[in-house]
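Dumped data-v6.cif below, it's mmCIF, C-alpha atoms and all ligand atoms:
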data_query
loop_
_atom_site.label_atom_id
_atom_site.label_comp_id
_atom_site.auth_asym_id
_atom_site.auth_seq_id
_atom_site.Cartn_x
_atom_site.Cartn_y
_atom_site.Cartn_z
CA MET L 1 31.12 -27.05 -45.00
CA VAL L 2 34.37 -25.12 -45.28
CA PRO L 3 36.22 -25.75 -48.56
CA ALA L 4 39.51 -27.52 -47.93
CA THR L 5 41.39 -24.93 -49.94
CA LYS L 6 40.27 -21.95 -47.87
CA LYS L 7 43.06 -20.30 -45.93
CA ARG L 8 42.84 -20.41 -42.16
CA VAL L 9 43.86 -17.77 -39.62
CA LEU L 10 44.05 -18.68 -35.93
CA LEU L 11 43.73 -15.84 -33.42
CA ASP L 12 44.42 -15.90 -29.72
CA CYS L 13 41.88 -13.97 -27.64
CA ASP L 14 43.50 -12.33 -24.59
CA GLY L 15 46.09 -9.80 -25.68
CA VAL L 16 45.08 -10.07 -29.34
CA LEU L 17 41.30 -9.56 -29.44
CA SER L 18 40.47 -8.83 -25.79
CA ASP L 19 42.30 -6.51 -23.40
CA PHE L 20 42.77 -8.83 -20.45
CA LEU L 21 45.73 -6.91 -19.03
CA THR L 22 43.85 -3.66 -18.41
CA LYS L 23 41.12 -5.50 -16.52
CA ALA L 24 43.63 -7.56 -14.54
CA LEU L 25 45.53 -4.43 -13.51
CA GLU L 26 42.29 -2.78 -12.41
CA ILE L 27 41.60 -5.69 -10.09
CA ILE L 28 45.17 -5.83 -8.77
CA ASN L 29 45.44 -2.07 -8.24
CA THR L 30 42.08 -1.88 -6.50
CA THR L 31 42.84 -4.78 -4.20
CA ALA L 32 46.49 -4.03 -3.46
CA MET L 33 46.05 -0.23 -3.54
CA THR L 34 48.78 0.12 -6.15
CA ASN L 35 49.02 2.02 -9.42
CA PHE L 36 50.66 -0.40 -11.82
CA GLN L 37 50.47 0.32 -15.55
CA HIS L 38 50.96 -1.90 -18.60
CA ALA L 39 54.65 -1.07 -18.84
CA HIS L 40 55.28 -2.54 -15.40
CA VAL L 41 54.26 -6.01 -16.60
CA HIS L 42 57.44 -7.38 -18.11
CA ASP L 43 56.62 -11.10 -17.84
CA PHE L 44 53.63 -13.12 -18.93
CA ASP L 45 52.83 -13.98 -15.31
CA ILE L 46 51.31 -10.66 -14.31
CA CYS L 47 51.35 -11.10 -10.54
CA GLU L 48 54.90 -12.45 -10.43
CA SER L 49 55.99 -9.65 -12.71
CA LEU L 50 54.66 -7.04 -10.30
CA GLY L 51 56.19 -8.71 -7.27
CA LEU L 52 52.73 -9.64 -6.00
CA PRO L 53 52.52 -13.43 -6.42
CA HIS L 54 49.94 -13.64 -3.63
CA MET L 55 47.52 -11.64 -5.80
CA TRP L 56 47.04 -14.57 -8.16
CA ASP L 57 44.28 -16.14 -6.05
CA THR L 58 42.39 -12.83 -6.02
CA LEU L 59 42.81 -12.35 -9.75
CA LYS L 60 41.79 -15.91 -10.56
CA ALA L 61 38.69 -15.62 -8.38
CA ALA L 62 37.70 -12.43 -10.20
CA CYS L 63 38.18 -14.15 -13.55
CA GLY L 64 35.67 -16.79 -12.48
CA GLU L 65 32.95 -14.29 -11.72
CA LYS L 66 30.01 -14.17 -14.06
CA ASP L 67 30.41 -11.60 -16.80
CA PHE L 68 34.18 -11.16 -16.33
CA CYS L 69 34.90 -12.27 -19.89
CA LEU L 70 31.80 -10.50 -21.18
CA ASN L 71 33.09 -7.15 -19.92
CA LEU L 72 36.57 -7.25 -21.43
CA GLU L 73 37.42 -4.34 -23.72
CA LEU L 74 38.67 -4.78 -27.26
CA ILE L 75 42.27 -4.49 -28.40
CA PRO L 76 42.36 -1.37 -30.64
CA GLY L 77 41.92 -2.18 -34.31
CA ALA L 78 40.93 -5.78 -33.71
CA GLN L 79 37.41 -5.58 -35.10
CA ALA L 80 38.45 -3.92 -38.34
CA GLY L 81 41.43 -6.25 -38.59
CA VAL L 82 39.34 -9.39 -38.25
CA SER L 83 36.95 -8.08 -40.90
CA MET L 84 39.84 -7.58 -43.29
CA LEU L 85 41.29 -11.02 -42.58
CA ARG L 86 37.92 -12.57 -43.42
CA ALA L 87 38.29 -11.33 -46.97
CA SER L 88 41.13 -13.83 -47.40
CA ALA L 89 40.59 -16.58 -44.87
CA ASP L 90 38.42 -18.33 -42.34
CA VAL L 91 39.07 -16.80 -38.95
CA TYR L 92 39.20 -19.07 -35.89
CA CYS L 93 39.78 -18.11 -32.27
CA LEU L 94 42.29 -20.37 -30.53
CA THR L 95 42.09 -19.60 -26.83
CA SER L 96 43.50 -21.25 -23.73
CA PRO L 97 40.71 -21.42 -21.16
CA MET L 98 41.28 -20.40 -17.58
CA SER L 99 40.15 -23.12 -15.18
CA VAL L 100 37.39 -21.09 -13.55
CA PRO L 101 33.58 -21.10 -13.77
CA ASN L 102 31.86 -19.13 -16.56
CA TRP L 103 35.04 -18.48 -18.52
CA ALA L 104 34.59 -20.55 -21.66
CA TYR L 105 30.83 -19.99 -21.91
CA ASP L 106 31.12 -16.23 -21.55
CA ARG L 107 34.08 -16.12 -23.94
CA ASN L 108 32.01 -17.71 -26.68
CA ILE L 109 29.29 -15.11 -26.22
CA TRP L 110 31.84 -12.28 -26.26
CA LEU L 111 33.51 -13.55 -29.43
CA GLU L 112 30.23 -13.78 -31.29
CA LYS L 113 29.04 -10.39 -30.04
CA HIS L 114 32.17 -8.45 -31.00
CA PHE L 115 33.64 -10.46 -33.87
CA GLU L 116 30.86 -12.71 -35.17
CA ILE L 117 33.13 -15.62 -34.36
CA THR L 118 30.60 -18.34 -33.66
CA ASN L 119 31.09 -21.53 -31.63
CA PRO L 120 32.27 -23.74 -34.54
CA PHE L 121 35.09 -21.27 -35.03
CA VAL L 122 36.29 -21.27 -31.41
CA VAL L 123 38.83 -23.78 -30.10
CA HIS L 124 39.44 -23.84 -26.36
CA THR L 125 42.78 -25.51 -25.71
CA GLU L 126 46.17 -25.06 -24.13
CA ALA L 127 47.67 -27.28 -26.84
CA LYS L 128 47.47 -24.66 -29.55
CA HIS L 129 50.27 -26.24 -31.57
CA ILE L 130 48.06 -29.19 -32.56
CA VAL L 131 45.72 -26.87 -34.48
CA THR L 132 46.91 -26.27 -38.02
CA GLY L 133 46.46 -23.08 -39.97
CA ASP L 134 48.18 -20.71 -42.36
CA ILE L 135 48.66 -17.96 -39.78
CA PHE L 136 48.70 -17.99 -35.98
CA VAL L 137 48.58 -14.83 -33.85
CA ASP L 138 49.33 -14.88 -30.12
CA ASP L 139 50.86 -12.64 -27.46
CA LYS L 140 52.57 -15.42 -25.49
CA VAL L 141 56.13 -16.11 -26.60
CA GLU L 142 56.01 -19.79 -25.71
CA ASN L 143 52.78 -20.34 -27.67
CA VAL L 144 54.27 -18.66 -30.74
CA ARG L 145 57.55 -20.55 -30.51
CA VAL L 146 55.94 -23.98 -30.12
CA TRP L 147 53.28 -23.39 -32.77
CA ALA L 148 55.89 -22.12 -35.23
CA GLU L 149 58.01 -25.23 -34.64
CA HIS L 150 55.05 -27.53 -35.28
CA ASN L 151 53.86 -25.57 -38.30
CA PRO L 152 57.09 -24.65 -40.11
CA LYS L 153 55.37 -23.80 -43.39
CA SER L 154 52.98 -21.37 -41.75
CA LEU L 155 53.46 -17.90 -40.29
CA ALA L 156 53.39 -17.24 -36.54
CA ILE L 157 52.82 -13.65 -35.46
CA LEU L 158 53.77 -12.48 -31.98
CA PHE L 159 51.43 -9.65 -31.02
CA ASP L 160 53.58 -7.08 -29.25
CA ALA L 161 53.05 -6.45 -25.54
CA PRO L 162 55.27 -5.24 -22.66
CA TYR L 163 55.43 -8.79 -21.28
CA ASN L 164 56.79 -10.41 -24.45
CA ARG L 165 59.64 -8.08 -25.33
CA LYS L 166 62.44 -9.78 -23.41
CA THR L 167 62.61 -12.88 -25.58
CA GLU L 168 63.71 -13.22 -29.14
CA ILE L 169 62.41 -16.00 -31.40
CA ASN L 170 64.92 -16.71 -34.12
CA ARG L 171 62.78 -18.55 -36.62
CA ALA L 172 62.17 -17.64 -40.23
CA ASN L 173 58.41 -18.14 -39.87
CA VAL L 174 57.96 -15.84 -36.86
CA VAL L 175 57.27 -12.12 -36.99
CA ARG L 176 56.25 -9.48 -34.49
CA ALA L 177 53.21 -7.26 -35.01
CA PHE L 178 53.07 -3.95 -33.17
CA SER L 179 49.44 -3.32 -33.98
CA TRP L 180 46.46 -4.77 -35.79
CA ASP L 181 47.54 -2.83 -38.86
CA ASP L 182 50.71 -4.92 -38.77
CA VAL L 183 48.72 -8.14 -38.37
CA VAL L 184 46.67 -7.39 -41.46
CA LYS L 185 49.68 -6.29 -43.48
CA LEU L 186 51.75 -9.34 -42.53
CA SER L 187 48.83 -11.71 -43.06
CA ASN L 188 48.00 -10.34 -46.49
CA SER L 189 51.65 -10.59 -47.49
CA TRP L 190 51.74 -14.21 -46.37
CA LEU L 191 48.42 -15.19 -47.92
CA HIS L 192 48.97 -13.28 -51.18
CA PRO L 193 52.75 -13.33 -51.73
CA ASN L 194 52.44 -12.53 -55.42
CA MET L 195 50.49 -9.38 -54.70
CA LEU L 196 52.19 -8.17 -51.51
CA PRO L 197 55.67 -9.50 -50.81
CA LEU L 198 56.44 -9.88 -47.13
CA ASP L 199 58.37 -6.99 -45.63
CA LYS L 200 61.54 -8.82 -44.66
CA SER L 201 62.43 -6.12 -42.14
CA MET L 202 59.56 -7.40 -39.98
CA LEU L 203 61.01 -10.90 -39.73
CA TYR L 204 62.97 -12.05 -36.72
CA THR L 205 66.41 -11.96 -38.21
CA PRO L 206 69.75 -11.17 -36.62
CA PRO L 207 70.87 -7.54 -36.42
CA PRO L 208 71.07 -5.24 -38.30
CA TYR L 209 67.86 -6.52 -39.94
CA GLN L 210 65.97 -7.08 -36.71
CA ARG L 211 63.15 -4.62 -36.43
CA ILE L 212 62.87 -4.83 -32.66
CA LYS L 213 65.52 -3.22 -30.48
CA TRP L 214 66.04 -5.58 -27.54
MG MG L 301 46.92 -14.30 -25.13
#
Re-express the file's structure as structure tokens.
Amino acid sequence: MVPATKKRVLLDCDGVLSDFLTKALEIINTTAMTNFQHAHVHDFDICESLGLPHMWDTLKAACGEKDFCLNLELIPGAQAGVSMLRASADVYCLTSPMSVPNWAYDRNIWLEKHFEITNPFVVHTEAKHIVTGDIFVDDKVENVRVWAEHNPKSLAILFDAPYNRKTEINRANVVRAFSWDDVVKLSNSWLHPNMLPLDKSMLYTPPPYQRIKW
């Protein structure tokens, strides 16, 4: 039984723990005979972003193949970062399942294999905002915005990616992390404010304090 006082960190999977984008681009480039890179994906909808909306059916079908989730690579620094977060909090994965066969089952196996995040610590839902925690990390702007609004006393971290740089979230409890080092630093500052005050330059505040150049 988890003590009620233990801090809780909620981590998205794709784009935070697993490198979905690289795999998706492999599939798209192979099928469409293109050479798109990460920087070309400027919106969360990958296929729309690349001007290839018809590729969605192909990509979705590939995502439903057995072992797709099992073969995803790790986001750099994620394993060490999760280990460090565990020193201060219980770590949960909060992941929105794709509506295809094998996805959720394989995801659970992958999370346990790479992060020792076992089934009781995995929540499959699109309604991430209903899950409470001290810190929430996600790469989708809308998820971060909605979760931060529903959890105003907690910290929401937007994990930087090419597809989430167009939108600014002006909320005092939202920050952007450029790496897993940032996630750990921001999380420790939030969880242990007396030891490590939060670097205010990393908060989403109006210029000239805004760290991101939009
Ligand atoms: Mg994600």
Using only C-alpha atoms and all ligand atoms, tabulate the residues of chain L lying at most 8 Å from any atom of ligand MG 301 (chain L), each with its closest atom pair and that distance in Å to one decimal, by chain and increasing residue number, as CSV.
residue,atom,partner,partner_atom,distance
L:Asp12,CA,L:MG301,MG,5.5
L:Cys13,CA,L:MG301,MG,5.6
L:Asp14,CA,L:MG301,MG,4.0
L:Gly15,CA,L:MG301,MG,4.6
L:Val16,CA,L:MG301,MG,6.2
L:Thr95,CA,L:MG301,MG,7.4
L:Ser96,CA,L:MG301,MG,7.9
L:Asp138,CA,L:MG301,MG,5.6
L:Asp139,CA,L:MG301,MG,4.9
L:Lys140,CA,L:MG301,MG,5.8
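For the atom pair formed by atom CA of Cys93 of chain L and atom CA of Ser189 of chain L, the distance is 20.7 Å, given to one decimal.
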query: Separation of atom CA of Lys66 of chain L and atom CA of Ile109 of chain L, in Å?
result: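 Answer for the atom CA of Lys66 of chain L to atom CA of Ile109 of chain L separation: 12.2 Å.
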All residues 9 Å or closer to Val141 of chain L, all atoms listed in the file, same chain fewer than 2 positions away omitted, as a CSV table (one decimal) with C-alpha atoms, in the frame of the given file:
chain,number,residue,atom,x,y,z
L,44,PHE,CA,53.6,-13.1,-18.9
L,138,ASP,CA,49.3,-14.9,-30.1
L,139,ASP,CA,50.9,-12.6,-27.5
L,143,ASN,CA,52.8,-20.3,-27.7
L,144,VAL,CA,54.3,-18.7,-30.7
L,145,ARG,CA,57.6,-20.6,-30.5
L,146,VAL,CA,55.9,-24.0,-30.1
L,158,LEU,CA,53.8,-12.5,-32.0
L,164,ASN,CA,56.8,-10.4,-24.4
L,165,ARG,CA,59.6,-8.1,-25.3
L,167,THR,CA,62.6,-12.9,-25.6
L,168,GLU,CA,63.7,-13.2,-29.1
L,169,ILE,CA,62.4,-16.0,-31.4
- prompt: If you count all atoms listed in the file, which residues fall within 10 Å of segment 46-55 of chain L, apart from same-chain ones fewer than 6 positions away, as a PyMOL selection string?
  reply: chain L and resi 21+24-25+27-28+31-32+36-38+40+163
message: If we count all atoms listed in the file and set the cut-off at 9 Å, which residues sit around His150 of chain L, ignoring sequence neighbours fewer than 5 positions away in its own chain? Please answer as a PyMOL selection string.
response: chain L and resi 129-130+132+145
Residues of segment 46-76 of chain L within 10 Å of segment 98-103 of chain L: nearest atom pair and distance (Å, one decimal) for each, counting all atoms listed in the file, sorted by chain and number, as a tab-separated table?
residue	atom	partner	partner_atom	distance
L:Lys60	CA	L:Val100	CA	7.4
L:Ala61	CA	L:Val100	CA	7.6
L:Ala62	CA	L:Val100	CA	9.3
L:Cys63	CA	L:Val100	CA	7.0
L:Gly64	CA	L:Val100	CA	4.8
L:Glu65	CA	L:Asn102	CA	6.9
L:Lys66	CA	L:Asn102	CA	5.9
L:Asp67	CA	L:Asn102	CA	7.7
L:Phe68	CA	L:Trp103	CA	7.7
L:Cys69	CA	L:Trp103	CA	6.4
L:Leu70	CA	L:Trp103	CA	9.0
task: May I ask which of the residues L:Pro193, L:Gly133, L:Pro76, L:Pro120 is the closest one to Ser179 of chain L, counting all atoms listed in the file?
output: L:Pro76
Interatomic distance, atom CA of Leu74 of chain L to atom CA of Lys6 of chain L (Å, one decimal):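 A separation of 26.9 Å between them.
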task: Choose the residue, out of L:Leu94, L:Val175, L:Ala80, L:Ala156, that has the smallest atom-to-atom separation from Val131 of chain L; count only C-alpha atoms.
output: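 Using only C-alpha atoms, the shortest distance to Val131 of chain L belongs to L:Leu94.
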message: Given all atoms listed in the file as the basis, pick out the residue of L:Ala172, L:Asp43, L:Ser88, L:Pro162 nearest to Glu142 of chain L.
response: L:Asp43
message: Using all atoms listed in the file, can you tell me which of L:Gly77, L:Ala148, L:Ser154, L:Phe115 comes closest to Asp182 of chain L?
response: L:Gly77
Filled-in N, CA and C atoms of segment 53-86 of chain L, supplied as a tab-separated table (two decimals), in the coordinates of the input:
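Heads up, here's the output in rebuild18.tsv:
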chain	number	residue	atom	x	y	z
L	53	PRO	N	52.99	-12.07	-6.09
L	53	PRO	CA	52.52	-13.43	-6.42
L	53	PRO	C	51.27	-13.84	-5.64
L	54	HIS	N	51.12	-13.28	-4.44
L	54	HIS	CA	49.94	-13.64	-3.63
L	54	HIS	C	48.64	-13.11	-4.22
L	55	MET	N	48.74	-12.20	-5.20
L	55	MET	CA	47.52	-11.64	-5.80
L	55	MET	C	46.87	-12.60	-6.81
L	56	TRP	N	47.57	-13.67	-7.14
L	56	TRP	CA	47.04	-14.57	-8.16
L	56	TRP	C	45.69	-15.15	-7.75
L	57	ASP	N	45.56	-15.56	-6.49
L	57	ASP	CA	44.28	-16.14	-6.05
L	57	ASP	C	43.14	-15.14	-6.21
L	58	THR	N	43.41	-13.89	-5.89
L	58	THR	CA	42.39	-12.83	-6.02
L	58	THR	C	42.02	-12.64	-7.50
L	59	LEU	N	43.06	-12.57	-8.33
L	59	LEU	CA	42.81	-12.35	-9.75
L	59	LEU	C	42.05	-13.54	-10.37
L	60	LYS	N	42.45	-14.73	-10.01
L	60	LYS	CA	41.79	-15.91	-10.56
L	60	LYS	C	40.32	-15.97	-10.12
L	61	ALA	N	40.07	-15.62	-8.87
L	61	ALA	CA	38.69	-15.62	-8.38
L	61	ALA	C	37.85	-14.61	-9.16
L	62	ALA	N	38.43	-13.45	-9.43
L	62	ALA	CA	37.70	-12.43	-10.20
L	62	ALA	C	37.42	-12.92	-11.62
L	63	CYS	N	38.36	-13.63	-12.19
L	63	CYS	CA	38.18	-14.15	-13.55
L	63	CYS	C	37.04	-15.16	-13.62
L	64	GLY	N	36.74	-15.79	-12.51
L	64	GLY	CA	35.67	-16.79	-12.48
L	64	GLY	C	34.30	-16.21	-12.23
L	65	GLU	N	34.26	-14.91	-11.97
L	65	GLU	CA	32.95	-14.29	-11.72
L	65	GLU	C	32.17	-14.16	-13.02
L	66	LYS	N	30.86	-14.28	-12.89
L	66	LYS	CA	30.01	-14.17	-14.06
L	66	LYS	C	30.22	-12.82	-14.71
L	67	ASP	N	30.29	-12.82	-15.99
L	67	ASP	CA	30.41	-11.60	-16.80
L	67	ASP	C	31.83	-11.05	-16.89
L	68	PHE	N	32.81	-11.69	-16.22
L	68	PHE	CA	34.18	-11.16	-16.33
L	68	PHE	C	34.61	-11.11	-17.80
L	69	CYS	N	34.49	-12.24	-18.48
L	69	CYS	CA	34.90	-12.27	-19.89
L	69	CYS	C	34.01	-11.38	-20.76
L	70	LEU	N	32.75	-11.29	-20.37
L	70	LEU	CA	31.80	-10.50	-21.18
L	70	LEU	C	32.14	-9.02	-21.15
L	71	ASN	N	32.81	-8.58	-20.09
L	71	ASN	CA	33.09	-7.15	-19.92
L	71	ASN	C	34.48	-6.73	-20.37
L	72	LEU	N	35.24	-7.63	-20.96
L	72	LEU	CA	36.57	-7.25	-21.43
L	72	LEU	C	36.47	-6.29	-22.61
L	73	GLU	N	37.37	-5.30	-22.61
L	73	GLU	CA	37.42	-4.34	-23.72
L	73	GLU	C	38.15	-4.96	-24.91
L	74	LEU	N	38.04	-4.29	-26.04
L	74	LEU	CA	38.67	-4.78	-27.26
L	74	LEU	C	40.09	-4.23	-27.40
L	75	ILE	N	40.97	-5.01	-28.01
L	75	ILE	CA	42.27	-4.49	-28.40
L	75	ILE	C	42.03	-3.54	-29.59
L	76	PRO	N	42.61	-2.34	-29.55
L	76	PRO	CA	42.36	-1.37	-30.64
L	76	PRO	C	42.67	-1.95	-32.02
L	77	GLY	N	41.72	-1.74	-32.93
L	77	GLY	CA	41.92	-2.18	-34.31
L	77	GLY	C	41.54	-3.61	-34.57
L	78	ALA	N	41.18	-4.34	-33.53
L	78	ALA	CA	40.93	-5.78	-33.71
L	78	ALA	C	39.69	-6.05	-34.57
L	79	GLN	N	38.64	-5.31	-34.33
L	79	GLN	CA	37.41	-5.58	-35.10
L	79	GLN	C	37.62	-5.34	-36.60
L	80	ALA	N	38.20	-4.21	-36.92
L	80	ALA	CA	38.45	-3.92	-38.34
L	80	ALA	C	39.44	-4.92	-38.92
L	81	GLY	N	40.43	-5.29	-38.12
L	81	GLY	CA	41.43	-6.25	-38.59
L	81	GLY	C	40.83	-7.60	-38.90
L	82	VAL	N	39.98	-8.08	-38.02
L	82	VAL	CA	39.34	-9.39	-38.25
L	82	VAL	C	38.47	-9.33	-39.51
L	83	SER	N	37.77	-8.23	-39.68
L	83	SER	CA	36.95	-8.08	-40.90
L	83	SER	C	37.80	-8.18	-42.15
L	84	MET	N	38.97	-7.55	-42.10
L	84	MET	CA	39.84	-7.58	-43.29
L	84	MET	C	40.42	-8.98	-43.51
L	85	LEU	N	40.76	-9.66	-42.43
L	85	LEU	CA	41.29	-11.02	-42.58
L	85	LEU	C	40.26	-11.95	-43.22
L	86	ARG	N	38.99	-11.71	-42.90
L	86	ARG	CA	37.92	-12.57	-43.42
L	86	ARG	C	37.81	-12.50	-44.94
